[in-house]
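A.B. asks: Hey, dropping work22.cif in here, mmCIF, C-alpha atoms:
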```cif
data_work
#
loop_
_atom_site.group_PDB
_atom_site.id
_atom_site.type_symbol
_atom_site.label_atom_id
_atom_site.label_comp_id
_atom_site.auth_asym_id
_atom_site.auth_seq_id
_atom_site.Cartn_x
_atom_site.Cartn_y
_atom_site.Cartn_z
ATOM 1 C CA MET K 6 0.000 0.000 0.000
ATOM 2 C CA THR K 7 2.804 2.415 0.863
ATOM 3 C CA HIS K 8 4.453 1.643 -2.477
ATOM 4 C CA SER K 9 1.402 2.832 -4.453
ATOM 5 C CA ILE K 10 1.363 6.162 -2.572
ATOM 6 C CA LEU K 11 5.079 6.834 -3.053
ATOM 7 C CA THR K 12 5.054 6.115 -6.765
ATOM 8 C CA PRO K 13 2.492 8.787 -7.690
ATOM 9 C CA LEU K 14 4.217 11.223 -5.323
ATOM 10 C CA SER K 15 7.626 10.590 -6.861
ATOM 11 C CA VAL K 16 6.127 10.906 -10.347
ATOM 12 C CA LEU K 17 4.514 14.213 -9.383
ATOM 13 C CA LEU K 18 7.733 15.589 -7.893
ATOM 14 C CA THR K 19 9.742 14.526 -10.933
ATOM 15 C CA SER K 20 7.175 16.089 -13.258
ATOM 16 C CA LEU K 21 7.244 19.345 -11.323
ATOM 17 C CA ALA K 22 11.025 19.463 -11.396
ATOM 18 C CA LEU K 23 11.140 18.787 -15.133
ATOM 19 C CA SER K 24 8.411 21.279 -15.939
ATOM 20 C CA ALA K 25 10.206 23.977 -13.968
ATOM 21 C CA CYS K 26 13.284 23.416 -16.124
ATOM 22 C CA ALA K 27 11.244 23.466 -19.312
ATOM 23 C CA VAL K 28 9.421 26.678 -18.485
ATOM 24 C CA HIS K 29 12.540 28.704 -17.651
ATOM 25 C CA PRO K 30 15.413 27.372 -19.774
ATOM 26 C CA ASN K 31 16.800 30.888 -20.266
ATOM 27 C CA GLY K 32 15.361 32.612 -17.237
ATOM 28 C CA PRO K 33 16.977 35.596 -15.582
ATOM 29 C CA ASP K 34 19.098 33.349 -13.375
ATOM 30 C CA THR K 35 20.666 31.565 -16.329
ATOM 31 C CA VAL K 36 24.313 32.477 -16.791
ATOM 32 C CA ALA K 37 25.762 32.600 -20.283
ATOM 33 C CA THR K 38 28.232 29.867 -21.082
ATOM 34 C CA PRO K 39 31.786 30.778 -22.078
ATOM 35 C CA ALA K 40 30.903 29.757 -25.656
ATOM 36 C CA GLN K 41 27.907 32.115 -25.672
ATOM 37 C CA GLN K 42 29.989 34.967 -24.242
ATOM 38 C CA GLN K 43 32.691 34.338 -26.844
ATOM 39 C CA ALA K 44 30.148 34.232 -29.669
ATOM 40 C CA LEU K 45 28.769 37.610 -28.573
ATOM 41 C CA ALA K 46 32.272 39.100 -28.295
ATOM 42 C CA GLU K 47 33.086 37.937 -31.835
ATOM 43 C CA LEU K 48 29.777 39.299 -33.070
ATOM 44 C CA GLU K 49 30.524 42.692 -31.526
ATOM 45 C CA GLN K 50 33.959 42.689 -33.185
ATOM 46 C CA ASP K 51 32.390 41.978 -36.587
ATOM 47 C CA TYR K 52 29.799 44.699 -36.057
ATOM 48 C CA ASN K 53 32.399 47.263 -34.998
ATOM 49 C CA ALA K 54 34.470 46.340 -38.058
ATOM 50 C CA GLY K 55 31.473 47.031 -40.317
ATOM 51 C CA ASN K 56 30.933 43.385 -41.273
ATOM 52 C CA TYR K 57 27.157 43.775 -41.125
ATOM 53 C CA ALA K 58 26.294 40.927 -43.492
ATOM 54 C CA GLN K 59 28.439 38.586 -41.410
ATOM 55 C CA VAL K 60 26.750 39.738 -38.190
ATOM 56 C CA ALA K 61 23.267 39.180 -39.598
ATOM 57 C CA ARG K 62 24.204 35.746 -40.935
ATOM 58 C CA THR K 63 25.992 34.657 -37.760
ATOM 59 C CA VAL K 64 23.069 35.487 -35.479
ATOM 60 C CA GLY K 65 20.626 33.721 -37.768
ATOM 61 C CA LEU K 66 22.675 30.536 -37.989
ATOM 62 C CA SER K 67 24.146 30.312 -34.492
ATOM 63 C CA ALA K 68 22.422 27.895 -32.143
ATOM 64 C CA THR K 69 24.823 29.175 -29.489
ATOM 65 C CA LEU K 70 23.368 32.679 -29.741
ATOM 66 C CA GLN K 71 19.754 31.643 -30.359
ATOM 67 C CA THR K 72 19.656 29.569 -27.161
ATOM 68 C CA ALA K 73 21.557 32.084 -25.036
ATOM 69 C CA PRO K 74 20.156 33.787 -21.950
ATOM 70 C CA PRO K 75 18.928 37.395 -22.234
ATOM 71 C CA SER K 76 22.346 38.859 -21.414
ATOM 72 C CA VAL K 77 23.635 37.464 -24.729
ATOM 73 C CA TYR K 78 20.496 36.934 -26.816
ATOM 74 C CA ILE K 79 19.228 40.518 -26.577
ATOM 75 C CA PRO K 80 22.441 42.249 -27.682
ATOM 76 C CA ALA K 81 22.931 39.658 -30.436
ATOM 77 C CA MET K 82 19.444 40.273 -31.833
ATOM 78 C CA LYS K 83 19.911 44.037 -31.594
ATOM 79 C CA LEU K 84 23.165 43.785 -33.540
ATOM 80 C CA GLN K 85 21.449 41.645 -36.155
ATOM 81 C CA ALA K 86 18.616 44.154 -36.527
ATOM 82 C CA PHE K 87 21.007 47.101 -36.631
ATOM 83 C CA SER K 88 23.111 45.292 -39.234
ATOM 84 C CA TYR K 89 20.125 44.683 -41.488
ATOM 85 C CA CYS K 90 19.053 48.316 -41.165
ATOM 86 C CA LEU K 91 22.550 49.556 -41.953
ATOM 87 C CA GLN K 92 22.448 47.414 -45.107
ATOM 88 C CA LYS K 93 19.039 48.941 -45.894
ATOM 89 C CA ILE K 94 17.306 45.568 -45.629
ATOM 90 C CA THR K 95 14.414 47.025 -43.669
ATOM 91 C CA TYR K 96 12.167 43.960 -43.790
ATOM 92 C CA GLN K 97 14.813 41.750 -42.154
ATOM 93 C CA CYS K 98 15.614 44.493 -39.647
ATOM 94 C CA GLU K 99 11.980 44.523 -38.592
ATOM 95 C CA ARG K 100 11.864 40.706 -38.458
ATOM 96 C CA SER K 101 14.859 40.701 -36.105
ATOM 97 C CA PHE K 102 13.080 43.154 -33.819
ATOM 98 C CA ASP K 103 9.898 41.066 -34.098
ATOM 99 C CA ARG K 104 11.752 37.931 -32.942
ATOM 100 C CA LEU K 105 13.350 39.842 -30.082
ATOM 101 C CA LEU K 106 10.007 41.280 -28.981
ATOM 102 C CA GLU K 107 8.258 37.905 -29.289
ATOM 103 C CA ARG K 108 10.687 36.495 -26.750
ATOM 104 C CA TYR K 109 10.964 39.635 -24.587
ATOM 105 C CA PRO K 110 7.803 41.748 -25.076
ATOM 106 C CA ASP K 111 8.917 44.359 -22.533
ATOM 107 C CA PHE K 112 12.201 44.991 -24.324
ATOM 108 C CA ASP K 113 12.897 48.552 -25.374
ATOM 109 C CA LEU K 114 15.822 50.303 -26.992
ATOM 110 C CA ALA K 115 17.826 52.904 -25.110
ATOM 111 C CA PRO K 116 16.714 56.476 -25.928
ATOM 112 C CA SER K 117 19.788 57.090 -28.091
ATOM 113 C CA GLU K 118 19.059 53.892 -30.038
ATOM 114 C CA ARG K 119 15.358 54.695 -30.379
ATOM 115 C CA ASN K 120 16.217 58.002 -32.013
ATOM 116 C CA HIS K 121 18.554 56.493 -34.595
ATOM 117 C CA PRO K 122 17.325 57.464 -38.079
ATOM 118 C CA MET K 123 17.802 54.001 -39.590
ATOM 119 C CA TRP K 124 16.536 51.559 -36.989
ATOM 120 C CA GLY K 125 14.523 53.782 -34.631
ATOM 121 C CA PRO K 126 11.449 53.969 -36.897
ATOM 122 C CA VAL K 127 11.707 50.256 -37.736
ATOM 123 C CA PHE K 128 11.819 49.336 -34.046
ATOM 124 C CA SER K 129 8.858 51.610 -33.289
ATOM 125 C CA LYS K 130 6.846 49.853 -36.000
ATOM 126 C CA ALA K 131 7.747 46.405 -34.605
ATOM 127 C CA LYS K 132 6.990 47.502 -31.043
ATOM 128 C CA ALA K 133 3.559 48.851 -32.057
ATOM 129 C CA LYS K 134 2.392 45.448 -33.333
#
```
Translate the structure of the given file into structure tokens.
C.D. replies:
Amino acid sequence: MTHSILTPLSVLLTSLALSACAVHPNGPDTVATPAQQQALAELEQDYNAGNYAQVARTVGLSATLQTAPPSVYIPAMKLQAFSYCLQKITYQCERSFDRLLERYPDFDLAPSERNHPMWGPVFSKAKAK
């Protein structure tokens, strides 16, 4: 009799533990891995060097960046959006902001970024959706 009570309890506790992990895989307490930090550093170097096409491509293809916690994912997506805008690929710029806002609806650009003539209006349009 005791065995039948413990089994459902252990199943419930295991399910709760697993669901907690599934709900918050990149929650605020998640620390970026060294690989994720390195990928962001390399991305920033490419952006600062004016390699905008490379930045946009890297973010889109990098599982390391796409699965990163907010401390890495948000700046990576911003750099991708900025890169598309600087290449005058407005649709892709907006899509990058859309993806960022889908994951983090409360995200906003800094005032200096919001006022940028190339990506400020595109971000405002994405944010208004």
A.B. asks: Contacts of Pro126 in chain K at 12 Å or less, counting all atoms listed in the file, minus same-chain residues fewer than 2 places along, as a list in words?
C.D. replies: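 Near neighbours after the sequence-gap exclusion: Phe87, Cys90, Thr95, Cys98, Glu99, Phe102, Leu114, Glu118, Arg119, Asn120, His121, Pro122, Met123, Trp124, Phe128, Ser129, Lys130, Ala131, Lys132 and Ala133 of chain K.
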A.B. asks: Once you count only C-alpha atoms, which residues end up no further than 9 Å from (25.9, 28.2, -23.5) in the file's frame, shown as a PyMOL selection string?
C.D. replies: chain K and resi 36-42+69-70+72-74
A.B. asks: In Å to one decimal, how far is CA of Ala86 in chain K from CA of Leu105 in chain K?
C.D. replies: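 Going from CA of Leu105 in chain K over to CA of Ala86 in chain K, I get 9.4 Å.
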A.B. asks: So that I can check the surroundings of Pro80 in chain K, please list as a count of residues only every protein, DNA and RNA residue that reaches within 9 Å of it, counting only C-alpha atoms and ignoring chain neighbours fewer than 5 positions away.
C.D. replies: 4
A.B. asks: Taking the file as shown, what set of residues would the PyMOL selection byres ((chain K and resi 60-65) around 10) give back, as number ranges by chain?
C.D. replies: K: 44-45, 47-53, 55-59, 66-71, 78, 81-89, 92, 97-98, 101
A.B. asks: Figure out the distance between CA of Leu91 in chain K and CA of Glu107 in chain K, please, to one decimal in Å.
C.D. replies: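 Atom-to-atom, CA of Glu107 in chain K to CA of Leu91 in chain K, that is 22.4 Å.
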A.B. asks: Closest to Arg100 in chain K among K:Val127, K:Val77, K:Phe112, K:Ser117, using only C-alpha atoms?
C.D. replies: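 Using only C-alpha atoms, the shortest distance to Arg100 in chain K belongs to K:Val127.
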A.B. asks: What is the distance between CA of Leu106 in chain K and CA of Lys134 in chain K, in Å to one decimal?
C.D. replies: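 Pair CA of Leu106 in chain K / CA of Lys134 in chain K returns 9.7 Å.
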